[in-house]
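Listing of structure06.txt, compact mmCIF, C-alpha atoms
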```
# COMPACT_ATOMS: atom_id res chain seq x y z
CA MET A 1 0.00 0.00 0.00
CA LEU A 2 1.07 3.54 -0.74
CA GLU A 3 0.55 4.55 2.90
CA ASP A 4 3.00 1.90 4.10
CA LYS A 5 5.54 2.84 1.44
CA ILE A 6 5.41 6.49 2.54
CA LYS A 7 5.68 5.63 6.22
CA LYS A 8 8.78 3.55 5.51
CA VAL A 9 10.44 6.52 3.83
CA ILE A 10 9.44 9.30 6.26
CA ARG A 11 12.16 9.76 8.85
CA ASP A 12 11.67 10.54 12.54
CA VAL A 13 14.05 13.25 13.71
CA HIS A 14 14.13 13.65 17.46
CA ASP A 15 14.36 17.03 19.17
CA PHE A 16 13.66 19.12 16.03
CA PRO A 17 12.88 21.99 15.86
CA LYS A 18 13.23 21.79 19.65
CA LYS A 19 13.78 19.32 22.47
CA GLY A 20 11.00 16.80 23.01
CA ILE A 21 9.51 17.05 19.51
CA VAL A 22 9.71 14.13 17.08
CA PHE A 23 9.76 15.73 13.64
CA LYS A 24 8.37 13.85 10.64
CA ASP A 25 10.95 14.47 7.92
CA ILE A 26 9.38 14.01 4.49
CA THR A 27 12.48 15.01 2.49
CA PRO A 28 13.53 11.38 1.82
CA ILE A 29 10.37 11.10 -0.30
CA LEU A 30 11.76 13.78 -2.62
CA SER A 31 14.68 11.56 -3.56
CA LYS A 32 12.29 8.91 -4.92
CA PRO A 33 10.66 10.18 -8.14
CA GLU A 34 8.39 7.14 -8.52
CA LEU A 35 7.02 7.63 -5.03
CA VAL A 36 6.49 11.33 -5.71
CA HIS A 37 4.46 10.39 -8.79
CA GLU A 38 2.36 7.89 -6.83
CA ILE A 39 1.72 10.49 -4.14
CA ILE A 40 0.64 13.12 -6.65
CA GLU A 41 -1.72 10.61 -8.31
CA LYS A 42 -3.22 9.82 -4.91
CA LEU A 43 -3.56 13.47 -3.86
CA LYS A 44 -5.27 14.13 -7.18
CA ASP A 45 -7.68 11.22 -6.68
CA GLN A 46 -8.51 12.39 -3.19
CA VAL A 47 -9.69 15.82 -4.38
CA ALA A 48 -11.15 14.74 -7.73
CA HIS A 49 -14.74 15.12 -6.44
CA LEU A 50 -14.20 18.69 -5.21
CA LYS A 51 -14.71 21.91 -7.12
CA ILE A 52 -11.26 23.50 -7.08
CA ASP A 53 -10.15 26.56 -9.06
CA ALA A 54 -6.73 27.09 -7.44
CA ILE A 55 -4.36 25.56 -4.90
CA ALA A 56 -2.91 27.62 -2.05
CA CYS A 57 0.49 26.22 -1.13
CA ILE A 58 1.94 27.03 2.28
CA GLU A 59 5.63 27.96 2.51
CA SER A 60 7.99 26.17 2.36
CA ARG A 61 7.35 22.44 2.58
CA GLY A 62 3.85 22.94 1.18
CA PHE A 63 5.48 24.24 -2.02
CA TRP A 64 6.96 20.82 -2.82
CA PHE A 65 3.86 18.73 -3.40
CA GLY A 66 1.42 21.64 -3.65
CA THR A 67 2.98 23.15 -6.76
CA ILE A 68 3.34 19.77 -8.45
CA LEU A 69 -0.30 18.94 -7.67
CA ALA A 70 -1.44 22.27 -9.12
CA TYR A 71 0.73 21.66 -12.19
CA GLU A 72 -0.69 18.18 -12.65
CA MET A 73 -4.25 19.51 -12.29
CA SER A 74 -3.51 22.59 -14.47
CA LEU A 75 -4.62 24.93 -11.69
CA PRO A 76 -3.26 28.29 -10.53
CA ILE A 77 -0.81 28.22 -7.62
CA ILE A 78 -1.35 30.71 -4.79
CA PRO A 79 1.79 30.99 -2.67
CA ILE A 80 1.10 31.62 1.03
CA ARG A 81 4.27 32.92 2.61
CA LYS A 82 5.70 34.14 5.87
CA LYS A 83 5.54 37.85 6.55
CA GLY A 84 7.76 40.06 4.42
CA LYS A 85 8.55 37.50 1.70
CA LEU A 86 6.00 38.51 -0.92
CA PRO A 87 7.08 41.69 -2.67
CA HIS A 88 3.80 43.24 -3.81
CA LYS A 89 0.75 44.41 -1.86
CA THR A 90 -0.41 41.66 0.49
CA VAL A 91 -3.24 40.56 2.73
CA SER A 92 -2.14 38.99 6.00
CA VAL A 93 -3.36 37.03 9.01
CA GLU A 94 -1.60 36.85 12.36
CA TYR A 95 -2.06 33.72 14.42
CA ASP A 96 -0.91 32.34 17.76
CA LEU A 97 1.90 29.86 18.16
CA GLU A 98 2.77 27.96 21.31
CA TYR A 99 5.04 30.85 22.21
CA GLY A 100 4.38 34.17 20.47
CA SER A 101 2.73 34.58 17.09
CA ALA A 102 3.33 34.33 13.35
CA THR A 103 1.95 36.09 10.30
CA ILE A 104 1.25 34.62 6.88
CA GLU A 105 0.56 36.57 3.72
CA ALA A 106 -0.75 36.26 0.19
CA HIS A 107 -0.62 38.80 -2.61
CA ASP A 108 -3.86 40.74 -2.51
CA ASP A 109 -4.54 40.02 -6.19
CA ALA A 110 -3.76 36.29 -5.89
CA ILE A 111 -7.06 35.28 -4.29
CA GLY A 112 -10.01 36.01 -6.54
CA LYS A 113 -13.52 36.60 -5.21
CA GLY A 114 -15.65 33.45 -5.29
CA VAL A 115 -12.69 31.28 -6.28
CA ASN A 116 -12.70 27.76 -4.79
CA ILE A 117 -9.33 27.17 -3.19
CA LEU A 118 -7.74 23.98 -1.93
CA ILE A 119 -5.21 24.61 0.85
CA HIS A 120 -2.19 22.32 0.73
CA ASP A 121 0.55 21.79 3.29
CA ASP A 122 2.89 18.88 3.94
CA LEU A 123 1.78 18.23 7.50
CA LEU A 124 -1.21 18.95 9.72
CA ALA A 125 -0.31 19.42 13.39
CA THR A 126 -2.57 21.65 15.51
CA GLY A 127 -3.94 23.32 12.38
CA GLY A 128 -2.79 26.82 13.34
CA THR A 129 -1.18 27.66 10.03
CA ALA A 130 -3.87 25.98 7.92
CA SER A 131 -6.68 27.83 9.72
CA ALA A 132 -4.78 31.10 9.29
CA ALA A 133 -4.51 30.31 5.56
CA ALA A 134 -8.26 29.68 5.49
CA ASP A 135 -8.90 33.00 7.24
CA LEU A 136 -6.70 34.69 4.64
CA ILE A 137 -8.73 33.18 1.81
CA ILE A 138 -12.10 34.08 3.35
CA GLN A 139 -10.91 37.60 4.18
CA SER A 140 -10.04 38.04 0.49
CA GLY A 141 -13.43 36.79 -0.73
CA GLY A 142 -12.25 33.31 -1.72
CA ILE A 143 -13.93 30.03 -0.80
CA VAL A 144 -12.16 27.27 1.13
CA ALA A 145 -12.79 24.18 -0.99
CA GLY A 146 -10.86 21.92 1.36
CA PHE A 147 -7.53 20.98 2.90
CA SER A 148 -4.95 18.52 1.62
CA PHE A 149 -2.01 17.21 3.67
CA LEU A 150 0.53 14.45 3.25
CA VAL A 151 0.66 13.78 6.97
CA ASP A 152 -1.89 14.25 9.77
CA LEU A 153 -0.63 14.06 13.36
CA THR A 154 -4.09 13.01 14.54
CA PHE A 155 -3.26 13.24 18.27
CA LEU A 156 -3.02 17.03 17.86
CA LYS A 157 -6.63 17.14 16.57
CA GLY A 158 -5.95 19.58 13.73
CA LYS A 159 -8.96 18.37 11.74
CA GLU A 160 -11.32 19.31 14.56
CA ARG A 161 -10.01 22.83 14.33
CA LEU A 162 -10.39 23.00 10.53
CA ARG A 163 -13.84 21.42 10.28
CA SER A 164 -15.67 24.75 10.52
CA TYR A 165 -13.96 25.99 7.33
CA SER A 166 -14.70 22.95 5.16
CA PRO A 167 -15.72 19.33 5.71
CA ASN A 168 -13.17 18.34 3.05
CA MET A 169 -10.02 17.52 5.00
CA ILE A 170 -7.81 14.98 3.32
CA SER A 171 -4.54 13.44 4.44
CA LEU A 172 -2.48 10.67 2.89
CA ILE A 173 -1.13 9.17 6.08
CA GLU A 174 -1.89 9.51 9.77
CA TYR A 175 0.09 9.11 12.96
CA MET B 1 7.36 34.09 -28.13
CA LEU B 2 7.46 32.51 -24.69
CA GLU B 3 10.09 35.02 -23.52
CA ASP B 4 7.80 37.94 -24.33
CA LYS B 5 4.83 36.27 -22.67
CA ILE B 6 6.83 35.77 -19.49
CA LYS B 7 8.17 39.31 -19.48
CA LYS B 8 4.64 40.65 -19.80
CA VAL B 9 3.60 38.72 -16.69
CA ILE B 10 6.64 39.37 -14.46
CA ARG B 11 6.00 42.39 -12.28
CA ASP B 12 8.53 45.02 -11.26
CA VAL B 13 8.28 45.87 -7.58
CA HIS B 14 10.26 48.93 -6.60
CA ASP B 15 12.18 49.17 -3.34
CA PHE B 16 11.92 45.47 -2.43
CA PRO B 17 13.51 43.94 -0.43
CA LYS B 18 15.08 47.34 0.19
CA LYS B 19 15.16 50.85 -1.18
CA GLY B 20 16.64 51.26 -4.64
CA ILE B 21 16.14 47.65 -5.74
CA VAL B 22 13.68 46.79 -8.51
CA PHE B 23 12.49 43.28 -7.66
CA LYS B 24 11.35 40.95 -10.45
CA ASP B 25 8.19 39.35 -9.04
CA ILE B 26 7.52 36.03 -10.77
CA THR B 27 4.47 35.11 -8.68
CA PRO B 28 1.96 36.32 -11.34
CA ILE B 29 3.25 33.45 -13.52
CA LEU B 30 1.99 30.98 -10.90
CA SER B 31 -1.58 32.11 -11.46
CA LYS B 32 -1.38 31.08 -15.14
CA PRO B 33 -1.29 27.26 -15.40
CA GLU B 34 -0.83 27.26 -19.19
CA LEU B 35 2.19 29.52 -18.92
CA VAL B 36 3.62 27.34 -16.14
CA HIS B 37 3.28 24.33 -18.46
CA GLU B 38 4.99 26.17 -21.33
CA ILE B 39 7.83 27.23 -19.04
CA ILE B 40 8.36 23.69 -17.74
CA GLU B 41 8.44 22.38 -21.33
CA LYS B 42 11.03 25.00 -22.23
CA LEU B 43 13.17 24.38 -19.12
CA LYS B 44 13.07 20.68 -19.97
CA ASP B 45 14.12 21.32 -23.58
CA GLN B 46 16.97 23.53 -22.45
CA VAL B 47 18.55 20.78 -20.33
CA ALA B 48 17.59 17.80 -22.52
CA HIS B 49 21.17 17.42 -23.82
CA LEU B 50 22.70 17.30 -20.32
CA LYS B 51 23.33 14.26 -18.16
CA ILE B 52 21.26 14.98 -15.05
CA ASP B 53 20.52 12.55 -12.23
CA ALA B 54 18.88 14.98 -9.79
CA ILE B 55 17.75 18.59 -9.46
CA ALA B 56 18.82 20.76 -6.53
CA CYS B 57 16.12 23.34 -5.84
CA ILE B 58 17.02 26.44 -3.87
CA GLU B 59 14.60 27.64 -1.17
CA SER B 60 12.02 29.08 -1.49
CA ARG B 61 11.26 30.44 -4.97
CA GLY B 62 13.45 27.78 -6.56
CA PHE B 63 11.05 25.19 -5.14
CA TRP B 64 8.23 26.35 -7.42
CA PHE B 65 9.58 25.50 -10.85
CA GLY B 66 12.42 23.28 -9.66
CA THR B 67 10.20 20.64 -8.07
CA ILE B 68 7.81 20.64 -11.03
CA LEU B 69 10.74 20.28 -13.45
CA ALA B 70 12.13 17.35 -11.44
CA TYR B 71 8.65 15.79 -11.36
CA GLU B 72 8.23 16.20 -15.10
CA MET B 73 11.67 14.67 -15.72
CA SER B 74 11.14 11.94 -13.09
CA LEU B 75 14.27 12.98 -11.22
CA PRO B 76 15.04 13.19 -7.49
CA ILE B 77 14.59 16.59 -5.85
CA ILE B 78 17.36 17.85 -3.56
CA PRO B 79 16.09 20.69 -1.39
CA ILE B 80 18.72 23.33 -0.61
CA ARG B 81 17.54 25.35 2.35
CA LYS B 82 18.54 28.17 4.64
CA LYS B 83 20.36 27.25 7.80
CA GLY B 84 18.37 25.45 10.46
CA LYS B 85 15.45 24.42 8.25
CA LEU B 86 16.46 20.86 7.39
CA PRO B 87 15.91 18.56 10.36
CA HIS B 88 18.46 15.79 9.81
CA LYS B 89 22.26 15.85 9.56
CA THR B 90 23.33 18.48 7.04
CA VAL B 91 26.27 19.75 5.04
CA SER B 92 26.49 23.53 4.78
CA VAL B 93 28.24 26.38 2.99
CA GLU B 94 28.51 29.94 4.27
CA TYR B 95 28.74 32.71 1.72
CA ASP B 96 29.01 36.47 1.67
CA LEU B 97 26.13 38.82 1.03
CA GLU B 98 26.34 42.53 0.37
CA TYR B 99 26.08 43.00 4.12
CA GLY B 100 26.95 40.05 6.33
CA SER B 101 26.68 36.42 5.29
CA ALA B 102 24.23 33.57 4.78
CA THR B 103 24.41 29.80 5.09
CA ILE B 104 22.69 27.19 2.94
CA GLU B 105 22.35 23.51 3.74
CA ALA B 106 21.46 20.16 2.23
CA HIS B 107 20.87 16.86 4.02
CA ASP B 108 24.16 15.00 4.02
CA ASP B 109 22.56 11.91 2.47
CA ALA B 110 20.72 13.88 -0.23
CA ILE B 111 23.73 14.40 -2.51
CA GLY B 112 25.17 11.12 -3.75
CA LYS B 113 28.80 10.74 -4.80
CA GLY B 114 29.25 11.08 -8.56
CA VAL B 115 25.64 12.17 -9.05
CA ASN B 116 25.10 14.76 -11.81
CA ILE B 117 23.07 17.59 -10.34
CA LEU B 118 21.30 20.48 -12.04
CA ILE B 119 20.98 23.53 -9.78
CA HIS B 120 17.71 25.42 -10.20
CA ASP B 121 16.67 28.78 -8.85
CA ASP B 122 14.10 31.30 -10.03
CA LEU B 123 16.53 34.16 -10.58
CA LEU B 124 20.25 34.68 -11.13
CA ALA B 125 21.58 37.93 -9.68
CA THR B 126 25.24 38.04 -8.58
CA GLY B 127 25.35 34.24 -8.37
CA GLY B 128 26.23 34.13 -4.67
CA THR B 129 23.59 31.61 -3.68
CA ALA B 130 24.01 29.48 -6.81
CA SER B 131 27.78 29.26 -6.36
CA ALA B 132 27.30 28.34 -2.69
CA ALA B 133 24.92 25.58 -3.83
CA ALA B 134 27.57 24.39 -6.29
CA ASP B 135 30.18 24.35 -3.50
CA LEU B 136 27.77 22.32 -1.37
CA ILE B 137 27.36 19.74 -4.14
CA ILE B 138 31.09 19.46 -4.84
CA GLN B 139 31.89 19.24 -1.12
CA SER B 140 29.50 16.28 -0.91
CA GLY B 141 31.07 14.48 -3.87
CA GLY B 142 28.36 15.41 -6.38
CA ILE B 143 28.94 16.83 -9.86
CA VAL B 144 27.51 20.17 -11.00
CA ALA B 145 25.77 19.31 -14.28
CA GLY B 146 24.62 22.88 -14.84
CA PHE B 147 22.47 25.78 -13.71
CA SER B 148 18.90 26.59 -14.69
CA PHE B 149 17.17 29.90 -13.98
CA LEU B 150 13.97 31.54 -15.08
CA VAL B 151 15.49 35.01 -15.00
CA ASP B 152 19.07 36.25 -15.44
CA LEU B 153 19.82 39.83 -14.38
CA THR B 154 22.72 39.95 -16.82
CA PHE B 155 24.05 43.33 -15.63
CA LEU B 156 25.06 41.62 -12.36
CA LYS B 157 27.25 39.16 -14.29
CA GLY B 158 26.20 36.07 -12.35
CA LYS B 159 27.08 33.72 -15.20
CA GLU B 160 30.70 34.90 -15.16
CA ARG B 161 30.88 33.82 -11.53
CA LEU B 162 29.31 30.41 -12.19
CA ARG B 163 31.27 29.53 -15.32
CA SER B 164 34.06 27.77 -13.39
CA TYR B 165 31.56 25.23 -11.99
CA SER B 166 29.92 24.29 -15.28
CA PRO B 167 29.65 25.75 -18.78
CA ASN B 168 25.96 24.84 -18.77
CA MET B 169 24.18 27.95 -17.56
CA ILE B 170 20.68 28.31 -18.86
CA SER B 171 18.13 31.05 -18.33
CA LEU B 172 14.73 31.58 -19.87
CA ILE B 173 14.72 35.35 -19.95
CA GLU B 174 17.30 38.07 -19.46
CA TYR B 175 17.22 41.65 -18.28
```
Rewrite the coordinates I just gave you, this time as C-alpha cells.
Amino acid sequence: MLEDKIKKVIRDVHDFPKKGIVFKDITPILSKPELVHEIIEKLKDQVAHLKIDAIACIESRGFWFGTILAYEMSLPIIPIRKKGKLPHKTVSVEYDLEYGSATIEAHDDAIGKGVNILIHDDLLATGGTASAAADLIIQSGGIVAGFSFLVDLTFLKGKERLRSYSPNMISLIEY
Amino acid sequence: MLEDKIKKVIRDVHDFPKKGIVFKDITPILSKPELVHEIIEKLKDQVAHLKIDAIACIESRGFWFGTILAYEMSLPIIPIRKKGKLPHKTVSVEYDLEYGSATIEAHDDAIGKGVNILIHDDLLATGGTASAAADLIIQSGGIVAGFSFLVDLTFLKGKERLRSYSPNMISLIEY
C-alpha cells in the first residue's frame, strides 16, 4: 500500500525543531521520483470530487507537493508565505503559536472573489497555520474548498479545528 | 514568443527587499497554469542534452519550478535550504552577502557521490547563492551538471561567476 511505502520513507528526527519534539521528515520522499508520482496521483484522486479553481500552497514544505499537484491539475498556484517575503501588496493574518505569534501573507490580487481554493501543506499538526490560511482566503473573498495534507498528526486534533472551514479535510497518512 | 509572454507577466516591484532595488516578481506566472506548463516544457528542452541525475532546488522560490521540473523529468529533488530548516544531519556552505553572510544547507545523504546535479533557482543575480549551492554539491562528492534559472539579471554578471563550476548555464529570460 502507498501509505506503508510512505511511512517507511518518512524519517523521525528527534528534538527538532526543539527538544522533546519528534519531527516527521518528508524530504527522503523527494529523492524517490516514482514515489512522488504515486503520491501526486493519490492526492489528485482524493480531491477529484471537489470543485477546485486554485491551490494555495503554504511555505515552504507545502510548495513541494502543492505546486506539483497544481501543475498536474492545471490549476493556478497561490503561494502563502511568511511575513515580508511577498514583494507586492499583500493581505495577511496573524495567528498564535505555542510561544508568540506568526503572520502569513498572500498577494492581494492572488485570491479572486468566489474562487474555490484547496489549501495544501505537507503536514497537519494543531492546524494553526492551515486555519490562518483559510482566514486569509475568506478575508479576500475566496472560498475554502478543502484541505490537503501528506501527513496528519491526529493526536493534535488539527482536523477538529479546521472542520468549521470545510468538511473536506484529506490526508495521505496519519500518525 | 514565450520570452515575451513571461516578461509581460513578471512584475517590477520597486524598493523590495530594500530601497533602490527593482524586484522581479515572478508570482503572477503561478496564477497562469498554461504559462507554467509552457515554461516547464522549455526548461526541460533547455537541459535535454545534459546528463542529469537529480535537481537541486534552492529555497524558497526555486522550489516552485524546480520541483515541477524534477517531477516532469522523473528525477530526485534535492532541497537546498537556509540554515536550520532541514531537520536531519546536514552539510552547509557559508557565503558572503552585500552586508553580512548567509548559510545554505542540504541533508548530508541527499547528494550522492558522482551524481550529476542540475541547480535550479528562479533568478540569477550576482550568483552568490548558486555558487554556494555548487560548492555544497562538490563538497559532498556530487557533480555540478549545470544551472537553470527563469530570469538572469545579466548586468550583475552572475554567469561569469558560475562559469568555473559548469559551462551549462541556462536562463529563460534576461534583463
Per-residue nearest contacts of region 74-168 of chain B to region 56-62 of chain B (7 Å; all atoms listed in the file) as CSV:
```
residue,atom,partner,partner_atom,distance
B:Ile77,CA,B:Ala56,CA,6.0
B:Ile78,CA,B:Ala56,CA,4.4
B:Pro79,CA,B:Cys57,CA,5.2
B:Ile80,CA,B:Ile58,CA,4.8
B:Arg81,CA,B:Glu59,CA,5.1
B:Ile117,CA,B:Ala56,CA,6.5
B:Leu118,CA,B:Ala56,CA,6.0
B:Ile119,CA,B:Ala56,CA,4.8
B:His120,CA,B:Cys57,CA,5.1
B:Asp121,CA,B:Gly62,CA,4.1
B:Asp122,CA,B:Gly62,CA,5.0
```
I'd like a table as CSV: residues in chain A with an atom no more than 10 Å from chain B, each row giving the shortest atom pair and its distance in Å to one decimal, all atoms listed in the file counted, sorted by chain and rising residue number.
```
residue,atom,partner,partner_atom,distance
A:Arg11,CA,B:His88,CA,8.8
A:Asp12,CA,B:His88,CA,9.0
A:Val13,CA,B:His88,CA,6.4
A:His14,CA,B:Pro87,CA,8.8
A:Asp15,CA,B:Pro87,CA,9.1
A:Phe16,CA,B:Pro87,CA,6.1
A:Pro17,CA,B:Pro87,CA,7.2
A:Phe23,CA,B:Pro87,CA,7.5
A:Lys24,CA,B:Pro87,CA,8.9
A:Asp25,CA,B:Pro87,CA,6.9
A:Ile26,CA,B:Pro87,CA,9.9
A:Thr27,CA,B:Pro79,CA,7.8
A:Pro28,CA,B:Ala110,CA,7.9
A:Ile29,CA,B:Pro76,CA,8.8
A:Leu30,CA,B:Ile77,CA,5.1
A:Ser31,CA,B:Pro76,CA,4.3
A:Lys32,CA,B:Pro76,CA,5.7
A:Pro33,CA,B:Ser74,CA,5.3
A:Glu34,CA,B:Ser74,CA,7.2
A:Val36,CA,B:Tyr71,CA,7.5
A:His37,CA,B:Tyr71,CA,7.3
A:Ile40,CA,B:Tyr71,CA,9.7
A:Ala54,CA,B:Ser31,CA,8.2
A:Ile55,CA,B:Ser31,CA,9.7
A:Cys57,CA,B:Trp64,CA,10.0
A:Glu59,CA,B:Ser60,CA,7.6
A:Ser60,CA,B:Ser60,CA,6.3
A:Arg61,CA,B:Phe63,CA,9.0
A:Gly62,CA,B:Phe63,CA,9.8
A:Phe63,CA,B:Trp64,CA,6.4
A:Trp64,CA,B:Thr67,CA,6.2
A:Phe65,CA,B:Thr67,CA,8.1
A:Gly66,CA,B:Trp64,CA,9.1
A:Thr67,CA,B:Trp64,CA,6.2
A:Ile68,CA,B:Ile68,CA,5.2
A:Leu69,CA,B:Ile68,CA,8.9
A:Ala70,CA,B:Pro33,CA,8.0
A:Tyr71,CA,B:Pro33,CA,6.8
A:Glu72,CA,B:Ile68,CA,9.0
A:Met73,CA,B:Pro33,CA,8.9
A:Ser74,CA,B:Pro33,CA,5.3
A:Leu75,CA,B:Pro33,CA,5.5
A:Pro76,CA,B:Ser31,CA,4.3
A:Ile77,CA,B:Leu30,CA,5.1
A:Ile78,CA,B:Ser31,CA,6.8
A:Pro79,CA,B:Thr27,CA,7.8
A:Arg81,CA,B:Ser60,CA,9.6
A:Gly84,CA,B:Pro17,CA,8.5
A:Lys85,CA,B:Pro17,CA,8.4
A:Leu86,CA,B:Asp25,CA,8.5
A:Pro87,CA,B:Phe16,CA,6.1
A:His88,CA,B:Val13,CA,6.4
A:Lys89,CA,B:Val13,CA,9.6
A:His107,CA,B:Thr27,CA,8.7
A:Asp109,CA,B:Pro28,CA,9.1
A:Ala110,CA,B:Ser31,CA,7.3
A:Ile111,CA,B:Ser31,CA,9.6
```
- Note on the structure: As a check of understanding: the span from CA of Lys83 (chain A) to CA of Ile52 (chain A) is 26.0 Å
- Between CA of Val47 (chain A) and CA of Gln139 (chain A), measure the distance and give it in Å to one decimal.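 These two atoms are separated by 23.4 Å.
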- Task: Scan for residues within 12 Å of the point (18.0, 22.3, -24.7) in the coordinates of the file, using all atoms listed in the file, and reply as a PyMOL selection string.
- Result: chain B and resi 40-51+146+148+168-172
- Pairwise distance for CA of Glu38 (chain B) and CA of Glu174 (chain B), rounded to one decimal in Å: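 Between these atoms lies a distance of 17.2 Å.
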- Message: Using all atoms listed in the file, can you tell me which of A:Ile21, A:Ala134, A:Val151, A:Leu156 comes closest to Lys7 (chain A)?
- Response: A:Val151
